[in-house]
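Participant: Contents are mmCIF, N, CA and C atoms; file name my_file.cif:
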```cif
data_start
loop_
_atom_site.label_atom_id
_atom_site.label_comp_id
_atom_site.auth_asym_id
_atom_site.auth_seq_id
_atom_site.Cartn_x
_atom_site.Cartn_y
_atom_site.Cartn_z
N MET A 329 53.78 139.65 -178.80
CA MET A 329 54.97 139.71 -177.96
C MET A 329 56.06 138.82 -178.57
N LYS A 330 57.27 139.31 -178.59
CA LYS A 330 58.40 138.57 -179.14
C LYS A 330 58.80 137.44 -178.18
N PRO A 331 59.02 136.24 -178.72
CA PRO A 331 59.44 135.12 -177.84
C PRO A 331 60.76 135.42 -177.15
N ARG A 332 60.91 134.92 -175.93
CA ARG A 332 62.15 135.11 -175.19
C ARG A 332 63.18 134.04 -175.54
N HIS A 333 62.71 132.88 -176.00
CA HIS A 333 63.66 131.84 -176.42
C HIS A 333 64.20 132.21 -177.80
N ARG A 334 65.30 131.58 -178.18
CA ARG A 334 65.92 131.91 -179.46
C ARG A 334 66.57 130.68 -180.06
N LEU A 335 66.33 130.49 -181.34
CA LEU A 335 67.01 129.43 -182.08
C LEU A 335 68.32 129.98 -182.62
N ILE A 336 69.37 129.18 -182.49
CA ILE A 336 70.70 129.56 -182.99
C ILE A 336 71.11 128.49 -183.98
N GLU A 337 71.34 128.89 -185.22
CA GLU A 337 71.76 127.93 -186.24
C GLU A 337 73.26 128.08 -186.45
N LEU A 338 73.97 126.98 -186.22
CA LEU A 338 75.43 126.97 -186.37
C LEU A 338 75.81 126.58 -187.79
N LYS A 339 76.91 127.11 -188.24
CA LYS A 339 77.43 126.77 -189.57
C LYS A 339 78.02 125.36 -189.52
N GLU A 340 77.68 124.57 -190.53
CA GLU A 340 78.27 123.23 -190.67
C GLU A 340 79.44 123.32 -191.63
N ILE A 341 80.49 122.60 -191.28
CA ILE A 341 81.64 122.47 -192.17
C ILE A 341 81.64 121.01 -192.64
N ALA A 342 81.49 120.82 -193.95
CA ALA A 342 81.36 119.46 -194.49
C ALA A 342 82.43 119.20 -195.54
N ASP A 343 82.94 117.99 -195.53
CA ASP A 343 83.84 117.52 -196.59
C ASP A 343 83.66 116.01 -196.71
N ALA A 344 84.52 115.36 -197.43
CA ALA A 344 84.39 113.92 -197.67
C ALA A 344 84.45 113.11 -196.38
N ARG A 345 85.04 113.66 -195.32
CA ARG A 345 85.17 112.95 -194.04
C ARG A 345 83.92 113.05 -193.18
N GLY A 346 82.97 113.92 -193.56
CA GLY A 346 81.76 114.10 -192.76
C GLY A 346 81.54 115.57 -192.44
N LYS A 347 80.79 115.82 -191.39
CA LYS A 347 80.43 117.18 -191.01
C LYS A 347 80.98 117.52 -189.63
N LEU A 348 81.26 118.79 -189.45
CA LEU A 348 81.73 119.32 -188.17
C LEU A 348 80.89 120.56 -187.88
N VAL A 349 80.49 120.70 -186.65
CA VAL A 349 79.78 121.89 -186.20
C VAL A 349 80.38 122.29 -184.86
N PHE A 350 80.51 123.58 -184.61
CA PHE A 350 81.08 124.02 -183.34
C PHE A 350 80.33 125.24 -182.82
N ALA A 351 80.44 125.43 -181.52
CA ALA A 351 79.87 126.61 -180.86
C ALA A 351 80.87 127.07 -179.82
N GLN A 352 80.97 128.37 -179.68
CA GLN A 352 81.86 128.90 -178.65
C GLN A 352 81.19 130.04 -177.92
N GLU A 353 81.56 130.18 -176.65
CA GLU A 353 80.99 131.21 -175.80
C GLU A 353 81.23 132.58 -176.42
N GLY A 354 80.21 133.39 -176.35
CA GLY A 354 80.31 134.74 -176.91
C GLY A 354 79.76 134.83 -178.32
N ASP A 355 80.22 133.93 -179.19
CA ASP A 355 79.73 133.93 -180.57
C ASP A 355 78.40 133.21 -180.69
N HIS A 356 78.26 132.06 -180.04
CA HIS A 356 77.07 131.23 -180.19
C HIS A 356 76.42 130.87 -178.86
N ILE A 357 77.20 130.78 -177.82
CA ILE A 357 76.70 130.42 -176.49
C ILE A 357 76.61 131.71 -175.68
N PRO A 358 75.39 132.17 -175.37
CA PRO A 358 75.22 133.50 -174.78
C PRO A 358 75.40 133.58 -173.26
N PHE A 359 76.08 132.61 -172.67
CA PHE A 359 76.32 132.63 -171.23
C PHE A 359 77.50 131.72 -170.92
N PRO A 360 78.20 131.94 -169.80
CA PRO A 360 79.25 131.01 -169.38
C PRO A 360 78.64 129.67 -168.98
N VAL A 361 79.20 128.58 -169.44
CA VAL A 361 78.68 127.24 -169.17
C VAL A 361 79.28 126.73 -167.86
N ARG A 362 78.38 126.33 -166.94
CA ARG A 362 78.82 125.80 -165.65
C ARG A 362 78.49 124.32 -165.49
N ARG A 363 77.57 123.81 -166.35
CA ARG A 363 77.14 122.42 -166.20
C ARG A 363 76.71 121.90 -167.57
N VAL A 364 76.99 120.62 -167.82
CA VAL A 364 76.58 119.95 -169.06
C VAL A 364 75.95 118.62 -168.67
N PHE A 365 74.80 118.31 -169.29
CA PHE A 365 74.20 117.01 -169.09
C PHE A 365 73.51 116.57 -170.36
N ALA A 366 73.16 115.29 -170.44
CA ALA A 366 72.53 114.73 -171.64
C ALA A 366 71.33 113.90 -171.24
N LEU A 367 70.32 113.95 -172.10
CA LEU A 367 69.13 113.11 -171.96
C LEU A 367 69.17 112.10 -173.09
N TYR A 368 69.04 110.81 -172.78
CA TYR A 368 69.06 109.79 -173.81
C TYR A 368 68.40 108.53 -173.27
N GLY A 369 68.13 107.60 -174.17
CA GLY A 369 67.46 106.36 -173.75
C GLY A 369 66.03 106.61 -173.30
N ILE A 370 65.40 107.62 -173.85
CA ILE A 370 64.05 107.99 -173.44
C ILE A 370 63.05 107.04 -174.11
N PRO A 371 62.26 106.33 -173.33
CA PRO A 371 61.28 105.39 -173.91
C PRO A 371 60.23 106.14 -174.74
N GLU A 372 59.69 105.46 -175.73
CA GLU A 372 58.67 106.03 -176.59
C GLU A 372 57.50 106.56 -175.76
N GLY A 373 57.07 107.78 -176.08
CA GLY A 373 55.93 108.38 -175.40
C GLY A 373 56.27 109.11 -174.11
N MET A 374 57.50 109.01 -173.63
CA MET A 374 57.89 109.68 -172.39
C MET A 374 58.28 111.12 -172.67
N ALA A 375 58.15 111.96 -171.64
CA ALA A 375 58.52 113.38 -171.74
C ALA A 375 59.59 113.68 -170.70
N ARG A 376 60.33 114.75 -170.94
CA ARG A 376 61.33 115.25 -169.98
C ARG A 376 61.01 116.72 -169.73
N GLY A 377 61.77 117.34 -168.86
CA GLY A 377 61.51 118.74 -168.53
C GLY A 377 60.40 118.81 -167.50
N GLY A 378 59.34 119.55 -167.83
CA GLY A 378 58.24 119.70 -166.89
C GLY A 378 58.60 120.63 -165.75
N HIS A 379 59.39 121.66 -166.06
CA HIS A 379 59.77 122.64 -165.04
C HIS A 379 60.31 123.90 -165.72
N ALA A 380 60.53 124.92 -164.90
CA ALA A 380 61.17 126.16 -165.33
C ALA A 380 62.33 126.42 -164.36
N HIS A 381 63.21 127.31 -164.77
CA HIS A 381 64.31 127.74 -163.89
C HIS A 381 64.11 129.20 -163.52
N ARG A 382 64.41 129.52 -162.28
CA ARG A 382 64.29 130.90 -161.81
C ARG A 382 65.41 131.77 -162.39
N ALA A 383 66.64 131.26 -162.45
CA ALA A 383 67.78 132.10 -162.84
C ALA A 383 68.64 131.50 -163.94
N GLN A 384 68.64 130.20 -164.10
CA GLN A 384 69.56 129.57 -165.05
C GLN A 384 69.10 129.68 -166.50
N HIS A 385 70.09 129.86 -167.36
CA HIS A 385 69.90 129.77 -168.81
C HIS A 385 70.26 128.35 -169.22
N GLN A 386 69.64 127.88 -170.32
CA GLN A 386 69.99 126.58 -170.88
C GLN A 386 70.12 126.70 -172.38
N LEU A 387 70.95 125.85 -172.94
CA LEU A 387 71.10 125.73 -174.38
C LEU A 387 70.92 124.27 -174.72
N LEU A 388 69.89 123.94 -175.51
CA LEU A 388 69.57 122.56 -175.85
C LEU A 388 70.00 122.27 -177.28
N MET A 389 70.58 121.09 -177.48
CA MET A 389 70.97 120.65 -178.82
C MET A 389 70.76 119.15 -178.94
N LEU A 390 70.21 118.73 -180.06
CA LEU A 390 69.99 117.32 -180.31
C LEU A 390 71.20 116.78 -181.05
N MET A 391 71.98 115.95 -180.39
CA MET A 391 73.18 115.37 -181.00
C MET A 391 72.81 114.22 -181.93
N ALA A 392 71.67 113.59 -181.67
CA ALA A 392 71.16 112.51 -182.52
C ALA A 392 69.65 112.51 -182.38
N GLY A 393 68.96 112.12 -183.44
CA GLY A 393 67.51 112.06 -183.39
C GLY A 393 66.86 113.41 -183.32
N ALA A 394 65.66 113.44 -182.73
CA ALA A 394 64.87 114.68 -182.69
C ALA A 394 63.94 114.67 -181.49
N CYS A 395 63.49 115.85 -181.10
CA CYS A 395 62.43 116.00 -180.11
C CYS A 395 61.77 117.35 -180.33
N THR A 396 60.59 117.48 -179.75
CA THR A 396 59.86 118.74 -179.79
C THR A 396 59.95 119.37 -178.41
N VAL A 397 60.17 120.68 -178.37
CA VAL A 397 60.22 121.41 -177.11
C VAL A 397 59.02 122.34 -177.06
N SER A 398 58.19 122.15 -176.05
CA SER A 398 57.05 123.03 -175.81
C SER A 398 57.53 124.09 -174.81
N ILE A 399 57.39 125.37 -175.18
CA ILE A 399 57.93 126.47 -174.40
C ILE A 399 56.77 127.37 -173.96
N ASP A 400 56.59 127.50 -172.66
CA ASP A 400 55.50 128.29 -172.08
C ASP A 400 56.10 129.48 -171.35
N ASP A 401 55.71 130.70 -171.74
CA ASP A 401 56.22 131.89 -171.07
C ASP A 401 55.23 132.44 -170.03
N GLY A 402 54.18 131.69 -169.76
CA GLY A 402 53.17 132.13 -168.81
C GLY A 402 51.96 132.73 -169.49
N GLU A 403 52.12 133.14 -170.74
CA GLU A 403 51.01 133.68 -171.54
C GLU A 403 50.79 132.88 -172.81
N ASN A 404 51.89 132.55 -173.49
CA ASN A 404 51.85 131.87 -174.77
C ASN A 404 52.68 130.59 -174.72
N VAL A 405 52.24 129.61 -175.49
CA VAL A 405 52.99 128.37 -175.63
C VAL A 405 53.38 128.23 -177.09
N SER A 406 54.67 127.96 -177.32
CA SER A 406 55.14 127.71 -178.69
C SER A 406 55.88 126.38 -178.68
N ARG A 407 56.06 125.84 -179.87
CA ARG A 407 56.73 124.55 -180.02
C ARG A 407 57.87 124.69 -181.03
N VAL A 408 58.98 124.05 -180.71
CA VAL A 408 60.16 124.04 -181.58
C VAL A 408 60.58 122.59 -181.76
N ARG A 409 60.85 122.21 -182.99
CA ARG A 409 61.36 120.86 -183.28
C ARG A 409 62.86 120.96 -183.45
N LEU A 410 63.59 120.25 -182.60
CA LEU A 410 65.05 120.17 -182.71
C LEU A 410 65.38 118.84 -183.36
N ASP A 411 66.10 118.88 -184.48
CA ASP A 411 66.32 117.64 -185.23
C ASP A 411 67.69 117.54 -185.90
N ARG A 412 68.61 118.40 -185.49
CA ARG A 412 69.97 118.32 -186.03
C ARG A 412 70.94 119.02 -185.08
N PRO A 413 72.20 118.59 -185.05
CA PRO A 413 73.16 119.14 -184.09
C PRO A 413 73.52 120.61 -184.30
N ASN A 414 73.24 121.17 -185.46
CA ASN A 414 73.62 122.57 -185.68
C ASN A 414 72.48 123.54 -185.36
N LEU A 415 71.38 123.05 -184.78
CA LEU A 415 70.27 123.91 -184.39
C LEU A 415 70.15 123.89 -182.87
N LEU A 416 70.43 125.01 -182.23
CA LEU A 416 70.44 125.11 -180.78
C LEU A 416 69.25 125.94 -180.31
N LEU A 417 68.74 125.64 -179.14
CA LEU A 417 67.67 126.41 -178.55
C LEU A 417 68.17 127.04 -177.26
N HIS A 418 68.22 128.39 -177.24
CA HIS A 418 68.60 129.12 -176.03
C HIS A 418 67.32 129.40 -175.24
N VAL A 419 67.32 128.97 -173.98
CA VAL A 419 66.17 129.13 -173.10
C VAL A 419 66.60 129.96 -171.89
N PRO A 420 66.20 131.23 -171.84
CA PRO A 420 66.51 132.04 -170.66
C PRO A 420 65.64 131.62 -169.48
N PRO A 421 65.90 132.20 -168.30
CA PRO A 421 65.11 131.84 -167.11
C PRO A 421 63.62 132.15 -167.29
N MET A 422 62.83 131.50 -166.47
CA MET A 422 61.38 131.72 -166.37
C MET A 422 60.61 131.35 -167.64
N LEU A 423 61.02 130.25 -168.25
CA LEU A 423 60.26 129.63 -169.32
C LEU A 423 60.04 128.18 -168.92
N TRP A 424 58.80 127.72 -169.02
CA TRP A 424 58.46 126.34 -168.68
C TRP A 424 58.70 125.48 -169.91
N LEU A 425 59.48 124.40 -169.77
CA LEU A 425 59.78 123.51 -170.89
C LEU A 425 59.22 122.13 -170.66
N ASP A 426 58.67 121.58 -171.74
CA ASP A 426 58.32 120.17 -171.80
C ASP A 426 58.98 119.64 -173.06
N LEU A 427 59.83 118.64 -172.93
CA LEU A 427 60.47 117.99 -174.07
C LEU A 427 59.66 116.73 -174.37
N ILE A 428 59.13 116.66 -175.60
CA ILE A 428 58.21 115.61 -175.97
C ILE A 428 58.56 115.06 -177.35
N GLU A 429 57.85 114.02 -177.74
CA GLU A 429 57.97 113.46 -179.09
C GLU A 429 59.43 113.13 -179.46
N PHE A 430 60.11 112.44 -178.56
CA PHE A 430 61.49 112.02 -178.82
C PHE A 430 61.49 110.92 -179.88
N SER A 431 62.38 111.03 -180.84
CA SER A 431 62.56 109.95 -181.79
C SER A 431 63.41 108.86 -181.14
N SER A 432 63.36 107.68 -181.72
CA SER A 432 64.19 106.59 -181.24
C SER A 432 65.66 106.98 -181.36
N GLY A 433 66.43 106.76 -180.33
CA GLY A 433 67.86 107.05 -180.36
C GLY A 433 68.21 108.51 -180.15
N ALA A 434 67.25 109.33 -179.75
CA ALA A 434 67.52 110.75 -179.54
C ALA A 434 68.50 110.97 -178.40
N VAL A 435 69.40 111.93 -178.59
CA VAL A 435 70.34 112.35 -177.56
C VAL A 435 70.29 113.86 -177.50
N CYS A 436 69.83 114.39 -176.37
CA CYS A 436 69.73 115.84 -176.17
C CYS A 436 70.80 116.27 -175.18
N GLN A 437 71.70 117.12 -175.64
CA GLN A 437 72.73 117.66 -174.76
C GLN A 437 72.29 119.04 -174.30
N VAL A 438 72.48 119.32 -173.00
CA VAL A 438 72.06 120.59 -172.44
C VAL A 438 73.26 121.25 -171.77
N LEU A 439 73.49 122.52 -172.12
CA LEU A 439 74.49 123.34 -171.46
C LEU A 439 73.74 124.30 -170.54
N ALA A 440 74.17 124.42 -169.29
CA ALA A 440 73.48 125.26 -168.31
C ALA A 440 74.41 126.31 -167.74
N SER A 441 73.83 127.43 -167.36
CA SER A 441 74.62 128.55 -166.85
C SER A 441 74.99 128.40 -165.38
N GLY A 442 74.40 127.43 -164.70
CA GLY A 442 74.69 127.28 -163.28
C GLY A 442 74.83 125.82 -162.89
N LEU A 443 75.40 125.61 -161.72
CA LEU A 443 75.49 124.28 -161.16
C LEU A 443 74.10 123.83 -160.74
N TYR A 444 73.92 122.52 -160.54
CA TYR A 444 72.63 122.02 -160.10
C TYR A 444 72.26 122.67 -158.77
N ASP A 445 71.06 123.23 -158.71
CA ASP A 445 70.56 123.87 -157.50
C ASP A 445 69.05 123.68 -157.48
N GLU A 446 68.57 122.79 -156.63
CA GLU A 446 67.15 122.47 -156.59
C GLU A 446 66.29 123.71 -156.35
N THR A 447 66.79 124.70 -155.63
CA THR A 447 66.00 125.91 -155.36
C THR A 447 65.78 126.76 -156.62
N ASP A 448 66.54 126.50 -157.68
CA ASP A 448 66.36 127.24 -158.93
C ASP A 448 65.19 126.68 -159.75
N TYR A 449 64.73 125.48 -159.43
CA TYR A 449 63.67 124.82 -160.20
C TYR A 449 62.29 125.26 -159.73
N ILE A 450 61.39 125.45 -160.67
CA ILE A 450 59.97 125.61 -160.39
C ILE A 450 59.31 124.39 -161.01
N ARG A 451 58.80 123.50 -160.17
CA ARG A 451 58.26 122.23 -160.65
C ARG A 451 56.74 122.19 -160.63
N ASP A 452 56.11 123.23 -160.10
CA ASP A 452 54.66 123.30 -160.05
C ASP A 452 54.20 124.36 -161.06
N GLN A 453 53.42 123.93 -162.05
CA GLN A 453 53.04 124.84 -163.13
C GLN A 453 52.12 125.96 -162.64
N ALA A 454 51.31 125.71 -161.63
CA ALA A 454 50.46 126.77 -161.07
C ALA A 454 51.33 127.84 -160.42
N GLU A 455 52.37 127.43 -159.71
CA GLU A 455 53.30 128.40 -159.11
C GLU A 455 54.01 129.18 -160.21
N PHE A 456 54.43 128.50 -161.27
CA PHE A 456 55.07 129.17 -162.40
C PHE A 456 54.15 130.25 -162.97
N ARG A 457 52.88 129.94 -163.16
CA ARG A 457 51.93 130.91 -163.71
C ARG A 457 51.76 132.11 -162.76
N ARG A 458 51.71 131.85 -161.46
CA ARG A 458 51.60 132.96 -160.48
C ARG A 458 52.83 133.86 -160.57
N LEU A 459 54.01 133.26 -160.65
CA LEU A 459 55.25 134.05 -160.72
C LEU A 459 55.35 134.86 -161.99
N THR A 460 54.97 134.27 -163.12
CA THR A 460 55.06 135.01 -164.39
C THR A 460 54.02 136.12 -164.44
N LEU A 461 52.84 135.88 -163.86
CA LEU A 461 51.81 136.92 -163.80
C LEU A 461 52.30 138.09 -162.96
N ALA A 462 52.99 137.82 -161.85
CA ALA A 462 53.51 138.87 -160.98
C ALA A 462 54.59 139.71 -161.68
N GLN A 463 55.28 139.12 -162.66
CA GLN A 463 56.36 139.85 -163.38
C GLN A 463 55.83 140.78 -164.45
N ARG A 464 54.58 140.63 -164.85
CA ARG A 464 54.01 141.46 -165.94
C ARG A 464 53.71 142.86 -165.49
#
```
As a first step, turn the structure in this file into C-alpha cells.

Facilitator:
Amino acid sequence: MKPRHRLIELKEIADARGKLVFAQEGDHIPFPVRRVFALYGIPEGMARGGHAHRAQHQLLMLMAGACTVSIDDGENVSRVRLDRPNLLLHVPPMLWLDLIEFSSGAVCQVLASGLYDETDYIRDQAEFRRLTLAQR
C-alpha cells in the first residue's frame, strides 16, 4: 500500500550570504494554512505528538536540528528523519504521529489546515486503530 504521508523537498537558493528556502500554497503547501506553531526546547529523550487528527492536515519542517517522525496509518508504521529546513513532511488526516529522537536545539515548525479544535484530536491509540479499521 502506498503511504499517505508525503515528503516535499524544497529548492534551496544559495549564495555567499547563505541559503534561502521558500514554500507557497499551491506549489508546495497542499492546503490553506490556518494555524502555525513550533515545538522547541524539547528535553533529551522526550517525545511529542502521540495523537492523530480526524480532519486536519499538517506540514512539519525542522527549522533547526533534527527529529524522527513515526507515522502509523493503522496497518503500517514508517519512520521519516527530518533534518533540514528544505525537507517538509505532509501529514493528511488519520495518521498517528510520534515525534521522537530530537537533536539538541531542534525547532520543528508545524503548519496546520485548521484552528485548534480539541474534538479533531484522537489521543487514544486503541480508538485510532478502531477508526482506521472501520475505514478499510

Participant: The PyMOL selection byres ((chain A and resi 416) around 7) - which residues does that actually catch in the file I just gave you? List them as a PDB file with N, CA and C atoms, in the coordinates of the input.

Facilitator:
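The result, stored in out_19.pdb:
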```
ATOM      1  N   ARG A 334      65.300 131.580-178.180  1.00  0.00           N
ATOM      2  CA  ARG A 334      65.920 131.910-179.460  1.00  0.00           C
ATOM      3  C   ARG A 334      66.570 130.680-180.060  1.00  0.00           C
ATOM      4  N   LEU A 335      66.330 130.490-181.340  1.00  0.00           N
ATOM      5  CA  LEU A 335      67.010 129.430-182.080  1.00  0.00           C
ATOM      6  C   LEU A 335      68.320 129.980-182.620  1.00  0.00           C
ATOM      7  N   ILE A 336      69.370 129.180-182.490  1.00  0.00           N
ATOM      8  CA  ILE A 336      70.700 129.560-182.990  1.00  0.00           C
ATOM      9  C   ILE A 336      71.110 128.490-183.980  1.00  0.00           C
ATOM     10  N   GLU A 337      71.340 128.890-185.220  1.00  0.00           N
ATOM     11  CA  GLU A 337      71.760 127.930-186.240  1.00  0.00           C
ATOM     12  C   GLU A 337      73.260 128.080-186.450  1.00  0.00           C
ATOM     13  N   LEU A 338      73.970 126.980-186.220  1.00  0.00           N
ATOM     14  CA  LEU A 338      75.430 126.970-186.370  1.00  0.00           C
ATOM     15  C   LEU A 338      75.810 126.580-187.790  1.00  0.00           C
ATOM     16  N   LEU A 387      70.950 125.850-172.940  1.00  0.00           N
ATOM     17  CA  LEU A 387      71.100 125.730-174.380  1.00  0.00           C
ATOM     18  C   LEU A 387      70.920 124.270-174.720  1.00  0.00           C
ATOM     19  N   LEU A 388      69.890 123.940-175.510  1.00  0.00           N
ATOM     20  CA  LEU A 388      69.570 122.560-175.850  1.00  0.00           C
ATOM     21  C   LEU A 388      70.000 122.270-177.280  1.00  0.00           C
ATOM     22  N   MET A 389      70.580 121.090-177.480  1.00  0.00           N
ATOM     23  CA  MET A 389      70.970 120.650-178.820  1.00  0.00           C
ATOM     24  C   MET A 389      70.760 119.150-178.940  1.00  0.00           C
ATOM     25  N   LEU A 390      70.210 118.730-180.060  1.00  0.00           N
ATOM     26  CA  LEU A 390      69.990 117.320-180.310  1.00  0.00           C
ATOM     27  C   LEU A 390      71.200 116.780-181.050  1.00  0.00           C
ATOM     28  N   ARG A 412      68.610 118.400-185.490  1.00  0.00           N
ATOM     29  CA  ARG A 412      69.970 118.320-186.030  1.00  0.00           C
ATOM     30  C   ARG A 412      70.940 119.020-185.080  1.00  0.00           C
ATOM     31  N   PRO A 413      72.200 118.590-185.050  1.00  0.00           N
ATOM     32  CA  PRO A 413      73.160 119.140-184.090  1.00  0.00           C
ATOM     33  C   PRO A 413      73.520 120.610-184.300  1.00  0.00           C
ATOM     34  N   ASN A 414      73.240 121.170-185.460  1.00  0.00           N
ATOM     35  CA  ASN A 414      73.620 122.570-185.680  1.00  0.00           C
ATOM     36  C   ASN A 414      72.480 123.540-185.360  1.00  0.00           C
ATOM     37  N   LEU A 415      71.380 123.050-184.780  1.00  0.00           N
ATOM     38  CA  LEU A 415      70.270 123.910-184.390  1.00  0.00           C
ATOM     39  C   LEU A 415      70.150 123.890-182.870  1.00  0.00           C
ATOM     40  N   LEU A 417      68.740 125.640-179.140  1.00  0.00           N
ATOM     41  CA  LEU A 417      67.670 126.410-178.550  1.00  0.00           C
ATOM     42  C   LEU A 417      68.170 127.040-177.260  1.00  0.00           C
ATOM     43  N   HIS A 418      68.220 128.390-177.240  1.00  0.00           N
ATOM     44  CA  HIS A 418      68.600 129.120-176.030  1.00  0.00           C
ATOM     45  C   HIS A 418      67.320 129.400-175.240  1.00  0.00           C
TER      46      HIS A 418
END
```

Participant: Nearest to A:Ser431 among A:Val408, A:Ala454, A:Met374, A:Leu443, with distances taken over only C-alpha atoms: which residue is it?

Facilitator: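 Of A:Val408, A:Ala454, A:Met374, A:Leu443, the one nearest A:Ser431 is A:Met374, counting only C-alpha atoms.
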
Participant: Given the PyMOL selection byres ((chain A and resi 350) around 7) and the file above, list the residues it selects as an NGL selection string.

Facilitator: :A and (338-341 or 348-349 or 351-352)

Participant: Hey, which of A:Asp426, A:Ala462, A:Ser432, A:Asp448 ends up closest to A:Ile370? Count all atoms listed in the file.

Facilitator: A:Ser432

Participant: Between A:Asp445, A:Gly393, A:Asn404, A:His381, which has the minimum distance to A:Leu423 (counting all atoms listed in the file)?

Facilitator: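 Among the listed residues, A:His381 lies closest to A:Leu423.
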
Participant: Between A:Ile428, A:Leu461, A:Val419, A:Val438, which is the closest to A:Gly377 once you count all atoms listed in the file?

Facilitator: A:Ile428

Participant: Name the residues of stretch 389-445 of chain A that come out as strand (DSSP E or B) in a backbone DSSP run; write them as number ranges by chain.

Facilitator: A: 389-392, 395-400, 405-410, 415-419, 424-428, 435-440

Participant: Pick the closest to A:Arg458 from A:Asp401, A:Met391, A:Asp355, A:Arg376: which is it, counting only C-alpha atoms?

Facilitator: A:Asp401

Participant: Once the PyMOL selection byres ((chain A and resi 365) around 7) is applied to the coordinates I shared, what remains selected? I want it as number ranges by chain.

Facilitator: A: 363-364, 366-367, 436-440

Participant: Of the candidates A:Pro421, A:Val435, A:Arg407, A:Phe430, which one gets nearest to A:Tyr368 if we count all atoms listed in the file?

Facilitator: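 For A:Tyr368, the nearest of the given residues is A:Val435.
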
Participant: Place all heavy atoms on stretch 404-409 of chain A and deliver the coordinates as a PDB file, in the coordinates of the input.

Facilitator:
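What ended up in part_19.pdb:
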```pdb
ATOM      1  N   ASN A 404      51.890 132.550-173.490  1.00  0.00           N
ATOM      2  CA  ASN A 404      51.850 131.870-174.770  1.00  0.00           C
ATOM      3  C   ASN A 404      52.680 130.590-174.720  1.00  0.00           C
ATOM      4  O   ASN A 404      53.697 130.543-174.031  1.00  0.00           O
ATOM      5  CB  ASN A 404      52.407 132.768-175.882  1.00  0.00           C
ATOM      6  CG  ASN A 404      51.646 134.072-175.984  1.00  0.00           C
ATOM      7  OD1 ASN A 404      50.461 134.061-176.282  1.00  0.00           O
ATOM      8  ND2 ASN A 404      52.310 135.178-175.709  1.00  0.00           N
ATOM      9  N   VAL A 405      52.240 129.610-175.490  1.00  0.00           N
ATOM     10  CA  VAL A 405      52.990 128.370-175.630  1.00  0.00           C
ATOM     11  C   VAL A 405      53.380 128.230-177.090  1.00  0.00           C
ATOM     12  O   VAL A 405      52.556 128.407-177.979  1.00  0.00           O
ATOM     13  CB  VAL A 405      52.134 127.150-175.189  1.00  0.00           C
ATOM     14  CG1 VAL A 405      52.906 125.850-175.411  1.00  0.00           C
ATOM     15  CG2 VAL A 405      51.731 127.286-173.726  1.00  0.00           C
ATOM     16  N   SER A 406      54.670 127.960-177.320  1.00  0.00           N
ATOM     17  CA  SER A 406      55.140 127.710-178.690  1.00  0.00           C
ATOM     18  C   SER A 406      55.880 126.380-178.680  1.00  0.00           C
ATOM     19  O   SER A 406      56.253 125.859-177.635  1.00  0.00           O
ATOM     20  CB  SER A 406      56.032 128.839-179.190  1.00  0.00           C
ATOM     21  OG  SER A 406      57.139 129.021-178.343  1.00  0.00           O
ATOM     22  N   ARG A 407      56.060 125.840-179.870  1.00  0.00           N
ATOM     23  CA  ARG A 407      56.730 124.550-180.020  1.00  0.00           C
ATOM     24  C   ARG A 407      57.870 124.690-181.030  1.00  0.00           C
ATOM     25  O   ARG A 407      57.710 125.352-182.053  1.00  0.00           O
ATOM     26  CB  ARG A 407      55.750 123.486-180.483  1.00  0.00           C
ATOM     27  CG  ARG A 407      54.720 123.138-179.424  1.00  0.00           C
ATOM     28  CD  ARG A 407      53.562 122.334-179.957  1.00  0.00           C
ATOM     29  NE  ARG A 407      53.932 121.089-180.571  1.00  0.00           N
ATOM     30  CZ  ARG A 407      53.683 119.886-180.092  1.00  0.00           C
ATOM     31  NH1 ARG A 407      53.057 119.758-178.960  1.00  0.00           N
ATOM     32  NH2 ARG A 407      54.040 118.798-180.735  1.00  0.00           N
ATOM     33  N   VAL A 408      58.980 124.050-180.710  1.00  0.00           N
ATOM     34  CA  VAL A 408      60.160 124.040-181.580  1.00  0.00           C
ATOM     35  C   VAL A 408      60.580 122.590-181.760  1.00  0.00           C
ATOM     36  O   VAL A 408      60.658 121.835-180.789  1.00  0.00           O
ATOM     37  CB  VAL A 408      61.315 124.862-180.952  1.00  0.00           C
ATOM     38  CG1 VAL A 408      62.591 124.703-181.732  1.00  0.00           C
ATOM     39  CG2 VAL A 408      60.925 126.322-180.819  1.00  0.00           C
ATOM     40  N   ARG A 409      60.850 122.210-182.990  1.00  0.00           N
ATOM     41  CA  ARG A 409      61.360 120.860-183.280  1.00  0.00           C
ATOM     42  C   ARG A 409      62.860 120.960-183.450  1.00  0.00           C
ATOM     43  O   ARG A 409      63.367 121.679-184.318  1.00  0.00           O
ATOM     44  CB  ARG A 409      60.708 120.312-184.566  1.00  0.00           C
ATOM     45  CG  ARG A 409      61.064 118.879-184.875  1.00  0.00           C
ATOM     46  CD  ARG A 409      60.346 117.915-183.964  1.00  0.00           C
ATOM     47  NE  ARG A 409      60.589 116.531-184.369  1.00  0.00           N
ATOM     48  CZ  ARG A 409      60.337 115.506-183.604  1.00  0.00           C
ATOM     49  NH1 ARG A 409      59.809 115.663-182.401  1.00  0.00           N
ATOM     50  NH2 ARG A 409      60.581 114.280-184.019  1.00  0.00           N
TER      51      ARG A 409
END
```
